[in-house]
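Below: work_16.txt (compact mmCIF, C-alpha atoms)
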```
# COMPACT_ATOMS: atom_id res chain seq x y z
CA MET D 1 -8.23 -140.68 -72.45
CA ALA D 2 -6.29 -138.26 -70.38
CA THR D 3 -3.43 -137.60 -72.74
CA GLY D 4 -4.27 -133.92 -73.05
CA ALA D 5 -3.92 -133.94 -76.82
CA GLN D 6 -7.61 -134.05 -77.58
CA HIS D 7 -10.67 -132.53 -75.92
CA GLU D 8 -13.43 -134.82 -74.75
CA VAL D 9 -15.97 -135.51 -77.48
CA GLU D 10 -18.74 -133.68 -75.61
CA VAL D 11 -16.57 -130.55 -75.63
CA ILE D 12 -15.78 -131.03 -79.32
CA LEU D 13 -19.47 -131.34 -80.15
CA MET D 14 -20.28 -128.31 -77.97
CA LYS D 15 -17.75 -126.27 -79.90
CA GLN D 16 -19.24 -127.43 -83.17
CA VAL D 17 -22.75 -126.47 -82.10
CA ALA D 18 -21.48 -123.11 -80.83
CA SER D 19 -19.73 -122.43 -84.12
CA TYR D 20 -23.12 -122.57 -85.86
CA LEU D 21 -25.02 -120.37 -83.38
CA ALA D 22 -25.77 -116.69 -83.78
CA THR D 23 -25.63 -116.10 -80.01
CA PRO D 24 -22.26 -115.55 -78.34
CA VAL D 25 -21.03 -118.74 -76.62
CA LEU D 26 -17.98 -119.38 -74.45
CA VAL D 27 -16.73 -122.86 -73.55
CA VAL D 28 -14.41 -123.34 -70.57
CA ASP D 29 -12.63 -126.48 -69.43
CA PRO D 30 -12.75 -127.88 -65.88
CA THR D 31 -9.91 -125.62 -64.76
CA GLY D 32 -11.70 -122.52 -66.03
CA ASP D 33 -9.52 -122.03 -69.07
CA LEU D 34 -11.43 -120.57 -71.99
CA VAL D 35 -11.01 -123.20 -74.69
CA TYR D 36 -13.38 -121.79 -77.29
CA PHE D 37 -15.56 -118.80 -78.11
CA ASN D 38 -17.60 -118.45 -81.26
CA GLU D 39 -17.75 -115.66 -83.81
CA PRO D 40 -20.61 -113.71 -82.15
CA ALA D 41 -18.60 -113.82 -78.91
CA GLU D 42 -15.57 -112.53 -80.79
CA LYS D 43 -17.62 -109.49 -81.74
CA LEU D 44 -18.61 -108.90 -78.14
CA LEU D 45 -15.11 -109.39 -76.74
CA GLY D 46 -13.45 -107.55 -79.56
CA ARG D 47 -10.96 -110.38 -79.92
CA ARG D 48 -10.70 -113.23 -82.40
CA TYR D 49 -10.40 -116.79 -81.14
CA GLU D 50 -7.89 -117.53 -83.87
CA GLU D 51 -5.67 -114.80 -82.40
CA THR D 52 -6.04 -115.55 -78.72
CA GLY D 53 -6.41 -119.33 -78.68
CA ALA D 54 -7.14 -120.83 -75.27
CA MET D 55 -6.79 -118.49 -72.28
CA PRO D 56 -6.54 -119.08 -68.52
CA ALA D 57 -9.45 -117.82 -66.37
CA SER D 58 -7.32 -115.07 -64.85
CA GLU D 59 -6.81 -113.66 -68.33
CA TRP D 60 -10.17 -114.05 -70.06
CA SER D 61 -12.20 -112.85 -67.07
CA THR D 62 -10.45 -109.49 -67.19
CA LEU D 63 -10.65 -109.13 -70.96
CA PHE D 64 -14.01 -107.39 -70.82
CA THR D 65 -13.92 -105.66 -67.39
CA PRO D 66 -17.34 -106.85 -66.15
CA VAL D 67 -19.27 -104.52 -63.82
CA ASP D 68 -22.65 -104.80 -62.07
CA GLU D 69 -25.63 -102.43 -62.21
CA HIS D 70 -23.85 -100.04 -59.80
CA GLY D 71 -20.74 -99.97 -61.90
CA ASP D 72 -18.81 -102.02 -59.36
CA PRO D 73 -16.34 -104.54 -60.78
CA ILE D 74 -17.49 -108.16 -60.69
CA PRO D 75 -14.75 -110.42 -59.34
CA THR D 76 -13.94 -113.61 -61.25
CA SER D 77 -15.75 -115.64 -58.60
CA GLY D 78 -18.92 -113.65 -59.28
CA LEU D 79 -19.13 -114.54 -62.94
CA ALA D 80 -21.95 -116.89 -63.93
CA THR D 81 -19.50 -119.02 -65.88
CA ILE D 82 -17.25 -119.54 -62.88
CA HIS D 83 -20.27 -120.25 -60.66
CA ALA D 84 -21.48 -122.94 -63.10
CA LEU D 85 -17.99 -124.37 -63.17
CA GLU D 86 -17.28 -124.40 -59.45
CA GLU D 87 -20.76 -125.12 -58.08
CA ARG D 88 -21.75 -127.36 -61.00
CA GLN D 89 -25.08 -125.57 -61.16
CA PRO D 90 -26.62 -123.36 -63.81
CA ALA D 91 -26.22 -119.66 -63.15
CA HIS D 92 -27.55 -116.43 -64.61
CA ARG D 93 -26.73 -112.77 -64.14
CA GLU D 94 -26.79 -109.42 -65.86
CA MET D 95 -23.68 -107.34 -66.26
CA TRP D 96 -22.03 -104.64 -68.30
CA ILE D 97 -18.84 -105.40 -70.15
CA THR D 98 -16.39 -103.30 -72.08
CA GLY D 99 -14.69 -105.30 -74.77
CA TYR D 100 -11.24 -104.88 -76.24
CA ASP D 101 -12.78 -102.46 -78.72
CA GLY D 102 -13.80 -100.08 -75.90
CA VAL D 103 -17.54 -100.47 -76.47
CA THR D 104 -19.74 -101.11 -73.40
CA HIS D 105 -22.46 -103.76 -73.71
CA HIS D 106 -25.33 -104.58 -71.37
CA ILE D 107 -25.60 -108.34 -71.39
CA SER D 108 -27.22 -111.30 -69.68
CA VAL D 109 -25.17 -114.42 -69.17
CA THR D 110 -26.58 -117.89 -68.70
CA ALA D 111 -24.07 -120.58 -67.87
CA PHE D 112 -24.41 -124.29 -67.26
CA PRO D 113 -21.97 -127.03 -66.28
CA LEU D 114 -20.95 -129.61 -68.86
CA VAL D 115 -21.40 -133.02 -67.29
CA GLY D 116 -20.50 -135.97 -69.47
CA GLN D 117 -21.03 -139.73 -69.36
CA ASN D 118 -20.03 -141.31 -66.03
CA ASP D 119 -20.55 -137.95 -64.31
CA ARG D 120 -17.36 -136.54 -65.83
CA HIS D 121 -16.96 -132.82 -65.12
CA LEU D 122 -15.94 -131.36 -68.46
CA GLY D 123 -16.24 -127.62 -67.87
CA ALA D 124 -19.00 -125.10 -68.48
CA VAL D 125 -20.74 -123.24 -71.27
CA ALA D 126 -21.83 -119.61 -71.14
CA ILE D 127 -24.35 -118.04 -73.48
CA PHE D 128 -24.32 -114.25 -73.71
CA TRP D 129 -27.35 -112.19 -74.65
CA GLU D 130 -26.92 -108.52 -75.46
CA HIS D 131 -29.70 -106.11 -74.42
CA SER D 132 -30.50 -103.62 -77.08
CA MET I 133 -2.02 -159.11 -82.50
CA ARG I 134 -3.40 -161.05 -85.44
CA LEU I 135 -6.73 -159.97 -86.84
CA ARG I 136 -9.41 -161.89 -88.68
CA PHE I 137 -12.37 -160.04 -90.12
CA TRP I 138 -15.62 -161.99 -89.68
CA GLY I 139 -17.94 -159.11 -90.55
CA THR I 140 -17.11 -155.86 -92.30
CA ARG I 141 -20.48 -154.59 -93.54
CA GLY I 142 -22.19 -151.58 -91.98
CA SER I 143 -25.77 -151.10 -90.87
CA LEU I 144 -27.42 -154.22 -92.30
CA PRO I 145 -26.35 -157.74 -93.29
CA THR I 146 -25.99 -157.82 -97.05
CA PRO I 147 -25.73 -161.40 -98.29
CA GLY I 148 -25.86 -162.42 -101.92
CA PRO I 149 -23.72 -162.89 -105.01
CA ALA I 150 -23.19 -159.15 -105.49
CA THR I 151 -21.36 -158.88 -102.15
CA ALA I 152 -19.71 -162.30 -102.12
CA ARG I 153 -16.11 -161.03 -102.26
CA TYR I 154 -16.15 -158.28 -99.62
CA GLY I 155 -18.85 -160.01 -97.63
CA GLY I 156 -22.20 -159.15 -96.13
CA ASN I 157 -21.79 -159.88 -92.43
CA THR I 158 -21.96 -156.96 -90.02
CA SER I 159 -19.09 -155.85 -87.78
CA CYS I 160 -17.03 -158.49 -86.05
CA VAL I 161 -13.24 -158.69 -85.77
CA GLU I 162 -11.26 -161.38 -83.97
CA ILE I 163 -7.95 -160.53 -82.31
CA ALA I 164 -5.59 -163.36 -81.46
CA THR I 165 -2.80 -162.51 -79.05
CA ASP I 166 0.26 -164.35 -77.74
CA ARG I 167 -2.02 -166.26 -75.36
CA ASP I 168 -3.58 -169.32 -76.99
CA ASP I 169 -6.32 -169.48 -74.37
CA HIS I 170 -7.56 -165.94 -74.92
CA VAL I 171 -9.36 -164.15 -77.74
CA VAL I 172 -10.56 -160.57 -78.05
CA ILE I 173 -13.57 -159.85 -80.25
CA LEU I 174 -14.56 -156.44 -81.52
CA ASP I 175 -18.32 -156.16 -81.90
CA ALA I 176 -21.00 -158.81 -82.22
CA GLY I 177 -22.51 -158.29 -85.65
CA THR I 178 -23.64 -161.25 -87.71
CA GLY I 179 -20.01 -162.22 -88.29
CA ILE I 180 -19.73 -163.47 -84.69
CA ARG I 181 -21.79 -166.57 -85.49
CA ALA I 182 -19.11 -168.09 -87.71
CA LEU I 183 -16.38 -166.88 -85.35
CA GLY I 184 -18.06 -168.74 -82.49
CA GLU I 185 -18.21 -171.91 -84.54
CA ALA I 186 -14.47 -171.64 -85.22
CA LEU I 187 -13.46 -170.76 -81.66
CA PRO I 188 -10.87 -173.35 -80.53
CA ALA I 189 -11.87 -175.55 -77.61
CA ASP I 190 -8.77 -174.56 -75.63
CA VAL I 191 -9.82 -170.90 -75.48
CA ALA I 192 -10.72 -170.26 -71.84
CA ARG I 193 -11.49 -166.55 -71.94
CA VAL I 194 -13.07 -164.21 -74.45
CA ASP I 195 -13.22 -160.43 -74.12
CA LEU I 196 -15.93 -159.00 -76.33
CA LEU I 197 -15.60 -155.23 -76.83
CA LEU I 198 -18.74 -153.50 -78.08
CA GLY I 199 -18.28 -150.05 -79.55
CA HIS I 200 -21.96 -149.21 -79.20
CA LEU I 201 -25.29 -150.97 -79.19
CA HIS I 202 -26.79 -150.24 -82.58
CA MET I 203 -28.39 -153.41 -83.85
CA ASP I 204 -25.82 -154.26 -86.52
CA HIS I 205 -23.17 -154.50 -83.77
CA ILE I 206 -25.08 -156.72 -81.35
CA VAL I 207 -27.44 -158.70 -83.57
CA GLY I 208 -25.13 -161.73 -83.46
CA LEU I 209 -24.87 -161.89 -79.67
CA GLY I 210 -27.46 -164.60 -79.16
CA PHE I 211 -25.84 -166.72 -81.87
CA PHE I 212 -22.32 -166.62 -80.42
CA ALA I 213 -21.49 -170.23 -79.57
CA GLY I 214 -19.15 -169.09 -76.80
CA PHE I 215 -22.13 -167.91 -74.77
CA TYR I 216 -23.36 -171.51 -74.54
CA ARG I 217 -20.07 -173.03 -73.33
CA GLU I 218 -20.06 -173.56 -69.57
CA ASP I 219 -16.27 -173.73 -69.48
CA LEU I 220 -15.80 -170.33 -71.11
CA GLU I 221 -15.31 -167.05 -69.30
CA VAL I 222 -16.84 -164.26 -71.40
CA HIS I 223 -16.28 -160.63 -70.52
CA VAL I 224 -18.49 -158.20 -72.40
CA TRP I 225 -17.38 -154.57 -72.41
CA GLY I 226 -19.34 -151.65 -73.79
CA PRO I 227 -20.78 -148.25 -73.00
CA GLY I 228 -23.59 -147.74 -70.56
CA SER I 229 -25.89 -144.79 -71.04
CA THR I 230 -26.46 -141.92 -68.66
CA THR I 231 -29.36 -143.86 -67.10
CA LEU I 232 -28.72 -147.58 -67.74
CA ASP I 233 -25.69 -149.79 -67.29
CA LEU I 234 -24.54 -152.11 -70.06
CA GLN I 235 -26.19 -155.17 -68.52
CA HIS I 236 -29.60 -153.51 -68.59
CA ARG I 237 -29.10 -152.07 -72.05
CA LEU I 238 -28.14 -155.47 -73.49
CA SER I 239 -31.01 -157.16 -71.66
CA ARG I 240 -33.44 -155.15 -73.71
CA TYR I 241 -32.34 -157.17 -76.73
CA LEU I 242 -31.46 -160.47 -75.06
CA SER I 243 -34.89 -161.08 -73.59
CA PRO I 244 -38.37 -161.88 -74.96
CA PRO I 245 -39.96 -160.87 -77.20
CA LEU I 246 -36.83 -159.94 -79.18
CA PHE I 247 -34.83 -163.04 -78.20
CA PRO I 248 -35.89 -166.22 -76.38
CA VAL I 249 -32.80 -166.53 -74.15
CA ARG I 250 -32.16 -163.98 -71.42
CA LEU I 251 -28.69 -162.64 -70.77
CA ARG I 252 -28.74 -164.09 -67.25
CA GLU I 253 -29.63 -167.55 -68.58
CA LEU I 254 -26.52 -167.92 -70.73
CA PRO I 255 -24.50 -170.95 -69.61
CA CYS I 256 -21.05 -169.35 -69.93
CA ARG I 257 -19.37 -167.53 -67.06
CA LEU I 258 -20.48 -164.10 -68.12
CA VAL I 259 -19.18 -160.82 -66.75
CA VAL I 260 -20.62 -157.59 -68.14
CA HIS I 261 -18.58 -154.43 -67.70
CA ASP I 262 -19.49 -150.81 -68.30
CA VAL I 263 -16.37 -149.93 -70.21
CA PRO I 264 -14.29 -147.33 -68.35
CA LEU I 265 -13.57 -144.19 -70.30
CA GLY I 266 -9.80 -144.33 -70.18
CA GLU I 267 -7.32 -147.11 -69.61
CA PHE I 268 -8.17 -150.65 -68.53
CA GLU I 269 -6.46 -154.02 -68.59
CA LEU I 270 -7.21 -157.11 -70.62
CA PRO I 271 -5.06 -160.24 -70.44
CA GLY I 272 -1.79 -159.26 -72.10
CA LEU I 273 -3.20 -156.03 -73.46
CA ARG I 274 -3.45 -152.44 -72.38
CA ALA I 275 -6.79 -151.08 -73.55
CA ASN I 276 -8.19 -147.60 -73.83
CA ALA I 277 -11.73 -146.47 -74.58
CA ALA I 278 -12.98 -142.99 -75.38
CA LEU I 279 -16.30 -141.61 -76.52
CA VAL I 280 -16.37 -140.72 -80.21
CA CYS I 281 -18.75 -138.82 -82.43
CA HIS I 282 -21.69 -141.10 -83.32
CA PRO I 283 -25.33 -140.94 -82.20
CA GLY I 284 -25.75 -142.43 -78.72
CA PRO I 285 -22.98 -143.58 -76.38
CA THR I 286 -20.23 -144.89 -78.64
CA VAL I 287 -16.61 -145.63 -77.86
CA GLY I 288 -13.50 -146.17 -79.91
CA TYR I 289 -10.94 -148.66 -78.65
CA ARG I 290 -7.17 -148.62 -78.65
CA LEU I 291 -5.29 -151.82 -77.84
CA ASP I 292 -1.59 -152.17 -77.15
CA ASP I 293 0.13 -155.53 -76.64
CA GLY I 294 3.57 -154.04 -76.09
CA HIS I 295 4.62 -154.79 -79.67
CA SER I 296 2.01 -152.97 -81.70
CA THR I 297 -1.11 -150.85 -81.43
CA LEU I 298 -4.57 -151.15 -82.93
CA ALA I 299 -7.42 -148.65 -82.98
CA TYR I 300 -11.02 -149.56 -83.76
CA MET I 301 -13.69 -147.03 -84.65
CA SER I 302 -16.27 -148.85 -86.70
CA ASP I 303 -18.85 -146.05 -86.54
CA HIS I 304 -17.42 -142.56 -86.43
CA GLU I 305 -18.22 -139.18 -87.94
CA PRO I 306 -15.30 -136.96 -86.98
CA ALA I 307 -16.18 -134.39 -89.65
CA LEU I 308 -19.60 -133.58 -88.21
CA GLY I 309 -20.02 -129.83 -87.94
CA VAL I 310 -16.41 -129.11 -88.86
CA GLU I 311 -16.14 -126.47 -91.56
CA ARG I 312 -12.72 -127.53 -92.74
CA PHE I 313 -11.97 -131.14 -91.93
CA PRO I 314 -9.72 -132.21 -90.43
CA ASP I 315 -9.66 -129.58 -87.74
CA ALA I 316 -6.74 -129.34 -85.32
CA PRO I 317 -6.02 -132.65 -83.54
CA GLU I 318 -7.32 -131.38 -80.20
CA TRP I 319 -10.69 -130.66 -81.81
CA THR I 320 -10.94 -133.93 -83.71
CA SER I 321 -13.04 -136.75 -82.27
CA GLY I 322 -11.10 -139.99 -81.98
CA TYR I 323 -7.65 -138.45 -82.39
CA ASP I 324 -6.27 -139.69 -79.08
CA ILE I 325 -7.46 -143.21 -79.82
CA ALA I 326 -5.96 -143.32 -83.30
CA ARG I 327 -2.80 -141.29 -83.14
CA ASP I 328 0.32 -143.09 -84.29
CA VAL I 329 -1.27 -146.55 -84.25
CA ASP I 330 0.03 -149.35 -86.39
CA VAL I 331 -3.42 -150.29 -87.62
CA LEU I 332 -6.60 -148.22 -87.63
CA ILE I 333 -9.89 -149.95 -88.44
CA HIS I 334 -12.25 -147.11 -89.30
CA ASP I 335 -15.71 -146.37 -90.59
CA ALA I 336 -15.69 -145.78 -94.36
CA GLN I 337 -19.38 -146.02 -95.07
CA TYR I 338 -19.97 -143.42 -97.75
CA ASP I 339 -18.47 -142.43 -101.02
CA ASP I 340 -17.81 -138.69 -100.68
CA PRO I 341 -20.80 -137.47 -102.74
CA GLU I 342 -23.13 -139.72 -100.70
CA TYR I 343 -22.05 -138.11 -97.44
CA ARG I 344 -23.81 -134.85 -98.24
CA ASP I 345 -27.17 -136.60 -97.82
CA HIS I 346 -26.12 -138.36 -94.62
CA VAL I 347 -24.55 -135.65 -92.48
CA GLY I 348 -25.21 -136.41 -88.82
CA TRP I 349 -25.94 -140.09 -89.37
CA GLY I 350 -22.73 -140.96 -87.53
CA HIS I 351 -20.59 -142.25 -90.38
CA SER I 352 -17.67 -141.10 -92.47
CA ALA I 353 -17.16 -140.23 -96.06
CA ILE I 354 -14.17 -142.20 -97.31
CA GLY I 355 -12.35 -138.92 -97.95
CA HIS I 356 -12.83 -138.01 -94.29
CA THR I 357 -11.55 -141.42 -93.22
CA LEU I 358 -8.38 -140.90 -95.25
CA ALA I 359 -7.90 -137.37 -93.90
CA PHE I 360 -8.43 -138.59 -90.34
CA ALA I 361 -5.85 -141.36 -90.84
CA ARG I 362 -3.34 -138.83 -92.19
CA LEU I 363 -3.95 -136.49 -89.25
CA ALA I 364 -3.44 -139.37 -86.80
CA ARG I 365 -0.31 -140.55 -88.66
CA VAL I 366 -1.42 -144.19 -88.74
CA ARG I 367 0.70 -146.78 -90.52
CA HIS I 368 -2.07 -148.89 -91.93
CA LEU I 369 -5.72 -147.97 -92.48
CA VAL I 370 -8.41 -150.58 -92.83
CA CYS I 371 -11.56 -149.14 -94.41
CA PHE I 372 -14.47 -150.82 -92.67
CA HIS I 373 -18.26 -150.76 -92.24
CA HIS I 374 -19.09 -150.69 -95.93
CA ASP I 375 -22.46 -149.27 -96.87
CA PRO I 376 -25.06 -151.97 -97.67
CA GLY I 377 -25.55 -150.28 -101.03
CA HIS I 378 -21.92 -150.78 -102.02
CA ASN I 379 -21.61 -154.12 -103.75
CA ASP I 380 -18.30 -155.69 -104.80
CA GLN I 381 -18.20 -153.91 -108.13
CA ARG I 382 -18.88 -150.53 -106.52
CA LEU I 383 -16.23 -151.03 -103.83
CA ASP I 384 -13.71 -152.05 -106.51
CA ILE I 385 -14.41 -148.87 -108.45
CA ILE I 386 -14.26 -146.59 -105.40
CA TYR I 387 -10.99 -147.99 -104.07
CA ALA I 388 -9.31 -148.08 -107.46
CA ARG I 389 -9.26 -144.28 -107.60
CA PRO I 390 -5.69 -142.92 -107.43
CA GLU I 391 -6.70 -140.18 -104.99
CA ILE I 392 -7.81 -142.89 -102.59
CA ARG I 393 -5.01 -145.39 -103.21
CA GLU I 394 -2.14 -142.95 -102.93
CA GLN I 395 -1.70 -142.33 -99.22
CA PRO I 396 1.23 -142.03 -96.83
CA PHE I 397 0.05 -145.25 -95.16
CA ALA I 398 -0.89 -148.75 -96.28
CA LEU I 399 -4.56 -149.09 -97.14
CA THR I 400 -6.69 -152.19 -96.96
CA VAL I 401 -10.35 -152.50 -97.82
CA ALA I 402 -11.82 -154.79 -95.16
CA ARG I 403 -13.24 -158.06 -96.43
CA ASP I 404 -15.01 -160.86 -94.59
CA GLY I 405 -12.56 -163.69 -93.94
CA ALA I 406 -9.40 -161.64 -94.45
CA ALA I 407 -6.52 -161.77 -91.96
CA LEU I 408 -4.03 -159.11 -90.94
CA ASP I 409 -1.00 -159.35 -88.68
CA VAL I 410 -0.72 -156.06 -86.80
CA ASP I 411 2.84 -156.85 -85.74
CA ALA I 412 3.86 -157.24 -89.38
CA VAL I 413 2.90 -153.70 -90.37
CA PRO I 414 6.11 -152.09 -91.60
CA ALA I 415 7.44 -149.11 -89.64
CA GLU I 416 7.72 -147.12 -92.87
CA VAL I 417 5.21 -147.50 -95.65
```
Give the structure from this file in structure tokens form.
Amino acid sequence: MATGAQHEVEVILMKQVASYLATPVLVVDPTGDLVYFNEPAEKLLGRRYEETGAMPASEWSTLFTPVDEHGDPIPTSGLATIHALEERQPAHREMWITGYDGVTHHISVTAFPLVGQNDRHLGAVAIFWEHS
Amino acid sequence: MRLRFWGTRGSLPTPGPATARYGGNTSCVEIATDRDDHVVILDAGTGIRALGEALPADVARVDLLLGHLHMDHIVGLGFFAGFYREDLEVHVWGPGSTTLDLQHRLSRYLSPPLFPVRLRELPCRLVVHDVPLGEFELPGLRANAALVCHPGPTVGYRLDDGHSTLAYMSDHEPALGVERFPDAPEWTSGYDIARDVDVLIHDAQYDDPEYRDHVGWGHSAIGHTLAFARLARVRHLVCFHHDPGHNDQRLDIIYARPEIREQPFALTVARDGAALDVDAVPAEV
């Protein structure tokens, strides 16, 4: 139902799985808004989901100032999550991010589109992996 | 909308003297509307056999809404007398899967060796619809379907006849994986289907202590059902899909508890043969 009050059940279940995982996970809706990130992702971003709530793409993509291996900023369109969302294909890339806490992390991001029953485009999921 | 419950038991038919009062037939609910020639049926458990026998001859169209295809919800299909009436138009609605449409999914049951009559051989004028996820029209009714939390493709239904609203989620586990249930409405499976309805027919399979051993099986603890109904601000909750292990005495004991009885909505424990007028549900309970 498109009332906007409730997320689709696939997104709800994705959030519930993510809330149990030890790896950082971000869930975005079809417009790119960040609708959920789990506790390990909170640690990486330096922000708590309970404080931020949902965020538009223009806001969350700048939260952690992503840069590539040369130190050049990665535009929003270059993020694996946005690629998975817009191209509806899985995507993977390495990057360096500096969270709200000022700490720089070297991470790999794997993102995949969320496609529901009847080919409904429900958003994308990104899994972050921090290199030690 | 006027409801008659022909089957209220979950999972498995449970006949016998110990379940004689609440009944042992699996899910089947009849909805009569303002149109005498039209009937809506929710699910085709064993209760649909007796419903078919009682179906008036002047009914010209039946819409059968299947929430999902677990056996207890379709086992009665081949025994529905309406399927064998050439003058009857029968529309079957239900979820397809990601690889098969509803017609093919149902044909797996309605074909040998599981059943002697094939779906395509039924004499009625049969139309099988993959239920749209969202709004669709039935005669005199606005219907909505949405996927809900239960193993395999499963939908909840919301029906609106312009006077009153009914939601049906016979098999639903909205508390799955939620640390503190109920979560916010936007993160609660089934909320959009159930919110502010006059009558909610909802899964109430387990007594709360039993749920701990059945997490992920797709059903609700009664405490979760009550919390879900409060979150959705329903006016009348019908607890449905009773566990096969809950005989009449057990159901009486469970639903006599003050913490279950005292709710901000009317509460009915579904019983085979019972009737309920959705339009008669008071605005304030």
Near chain D, 12 Å: chain I residue rows, closest pairs, all atoms listed in the file, as a Markdown table:
```
| residue | atom | partner | partner_atom | distance |
| --- | --- | --- | --- | --- |
| I:Pro227 | CA | D:Gln117 | CA | 9.3 |
| I:Gly228 | CA | D:Gln117 | CA | 8.5 |
| I:Ser229 | CA | D:Gln117 | CA | 7.2 |
| I:Thr230 | CA | D:Gln117 | CA | 5.9 |
| I:Thr231 | CA | D:Gln117 | CA | 9.6 |
| I:Leu232 | CA | D:Asn118 | CA | 10.9 |
| I:Asp233 | CA | D:Asn118 | CA | 10.3 |
| I:Asp262 | CA | D:Asn118 | CA | 9.8 |
| I:Val263 | CA | D:Asn118 | CA | 10.3 |
| I:Pro264 | CA | D:Asn118 | CA | 8.6 |
| I:Leu265 | CA | D:Met1 | CA | 6.7 |
| I:Gly266 | CA | D:Met1 | CA | 4.6 |
| I:Glu267 | CA | D:Met1 | CA | 7.1 |
| I:Phe268 | CA | D:Met1 | CA | 10.7 |
| I:Ala275 | CA | D:Met1 | CA | 10.6 |
| I:Asn276 | CA | D:Met1 | CA | 7.1 |
| I:Ala277 | CA | D:Met1 | CA | 7.1 |
| I:Ala278 | CA | D:Met1 | CA | 6.0 |
| I:Leu279 | CA | D:Val9 | CA | 6.2 |
| I:Val280 | CA | D:Val9 | CA | 5.9 |
| I:Cys281 | CA | D:Val9 | CA | 6.6 |
| I:His282 | CA | D:Val9 | CA | 9.9 |
| I:Pro283 | CA | D:Leu13 | CA | 11.4 |
| I:Gly284 | CA | D:Gln117 | CA | 10.8 |
| I:Pro285 | CA | D:Gln117 | CA | 8.2 |
| I:Thr286 | CA | D:Val9 | CA | 10.4 |
| I:Val287 | CA | D:Val9 | CA | 10.1 |
| I:Gly288 | CA | D:Met1 | CA | 10.7 |
| I:Tyr289 | CA | D:Met1 | CA | 10.5 |
| I:Arg290 | CA | D:Met1 | CA | 10.1 |
| I:His304 | CA | D:Val9 | CA | 11.5 |
| I:Glu305 | CA | D:Leu13 | CA | 11.1 |
| I:Pro306 | CA | D:Val9 | CA | 9.6 |
| I:Ala307 | CA | D:Gln16 | CA | 10.0 |
| I:Leu308 | CA | D:Gln16 | CA | 8.0 |
| I:Gly309 | CA | D:Gln16 | CA | 5.4 |
| I:Val310 | CA | D:Gln16 | CA | 6.6 |
| I:Glu311 | CA | D:Gln16 | CA | 9.0 |
| I:Arg312 | CA | D:Gln16 | CA | 11.6 |
| I:Phe313 | CA | D:Gln16 | CA | 12.0 |
| I:Asp315 | CA | D:Ile12 | CA | 10.5 |
| I:Ala316 | CA | D:Gln6 | CA | 9.1 |
| I:Pro317 | CA | D:Gln6 | CA | 6.3 |
| I:Glu318 | CA | D:Gln6 | CA | 3.8 |
| I:Trp319 | CA | D:Ile12 | CA | 5.7 |
| I:Thr320 | CA | D:Gln6 | CA | 7.0 |
| I:Ser321 | CA | D:Val9 | CA | 5.8 |
| I:Gly322 | CA | D:Val9 | CA | 8.0 |
| I:Tyr323 | CA | D:Gln6 | CA | 6.5 |
| I:Asp324 | CA | D:Gln6 | CA | 6.0 |
| I:Ile325 | CA | D:Met1 | CA | 7.8 |
| I:Ala326 | CA | D:Gln6 | CA | 11.0 |
| I:Arg327 | CA | D:Ala5 | CA | 9.8 |
| I:Gly348 | CA | D:Leu13 | CA | 11.6 |
| I:Ala364 | CA | D:Ala5 | CA | 11.4 |
```
Atom pair atom CA of Pro376 of chain I + atom CA of Gln337 of chain I, distance 8.6 Å
Taking 3 positions as the minimum chain separation for residues in the same chain, which residues sit within 12 Å of segment 75-87 of chain D when counting only C-alpha atoms? Answer as a ChimeraX atom specification. /D:25-34,56-68,72,90-97,107-115,121-128
Leaving out segment 215-224 of chain I and any residue of its chain fewer than 6 positions from it, which residues lie within 7 Å of it when counting only C-alpha atoms, given as a PDB file with C-alpha atoms, in the coordinates of the input?
```pdb
ATOM      1  CA  ALA I 192     -10.720-170.260 -71.840  1.00  0.00           C
ATOM      2  CA  ARG I 193     -11.490-166.550 -71.940  1.00  0.00           C
ATOM      3  CA  VAL I 194     -13.070-164.210 -74.450  1.00  0.00           C
ATOM      4  CA  ASP I 195     -13.220-160.430 -74.120  1.00  0.00           C
ATOM      5  CA  LEU I 196     -15.930-159.000 -76.330  1.00  0.00           C
ATOM      6  CA  LEU I 197     -15.600-155.230 -76.830  1.00  0.00           C
ATOM      7  CA  LEU I 254     -26.520-167.920 -70.730  1.00  0.00           C
ATOM      8  CA  PRO I 255     -24.500-170.950 -69.610  1.00  0.00           C
ATOM      9  CA  CYS I 256     -21.050-169.350 -69.930  1.00  0.00           C
ATOM     10  CA  ARG I 257     -19.370-167.530 -67.060  1.00  0.00           C
ATOM     11  CA  LEU I 258     -20.480-164.100 -68.120  1.00  0.00           C
ATOM     12  CA  VAL I 259     -19.180-160.820 -66.750  1.00  0.00           C
ATOM     13  CA  VAL I 260     -20.620-157.590 -68.140  1.00  0.00           C
ATOM     14  CA  HIS I 261     -18.580-154.430 -67.700  1.00  0.00           C
TER      15      HIS I 261
END
```
Which distance in Å separates atom CA of Gly99 of chain D and atom CA of Ile74 of chain D, to one decimal?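 These two atoms are separated by 14.6 Å.
Going from atom CA of Ala353 of chain I to atom CA of Val329 of chain I covers 20.8 Å.
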Counting all atoms listed in the file, what is within 7 Å of His374 of chain I, bar same-chain residues fewer than 6 positions away, as a list in words?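 Counting all atoms listed in the file, the residues come to Thr140, Arg141, Gly142, Ala336 and Gln337 of chain I.
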Residues within 7 Å of segment 174-189 of chain I, all atoms listed in the file, excluding chain neighbours under 4 positions, as a PyMOL selection string: chain I and resi 138-139+157-162+196-199+204-209+211-214
Find the residues near segment 386-394 of chain I: any atom within 8 Å, counting only C-alpha atoms, skip ones fewer than 2 places away on the same chain, and give them as a list in words.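 My list of contacting residues is Asp339, Gly355, Leu358, Arg382, Leu383, Asp384, Pro396, Leu399 and Val401 of chain I.
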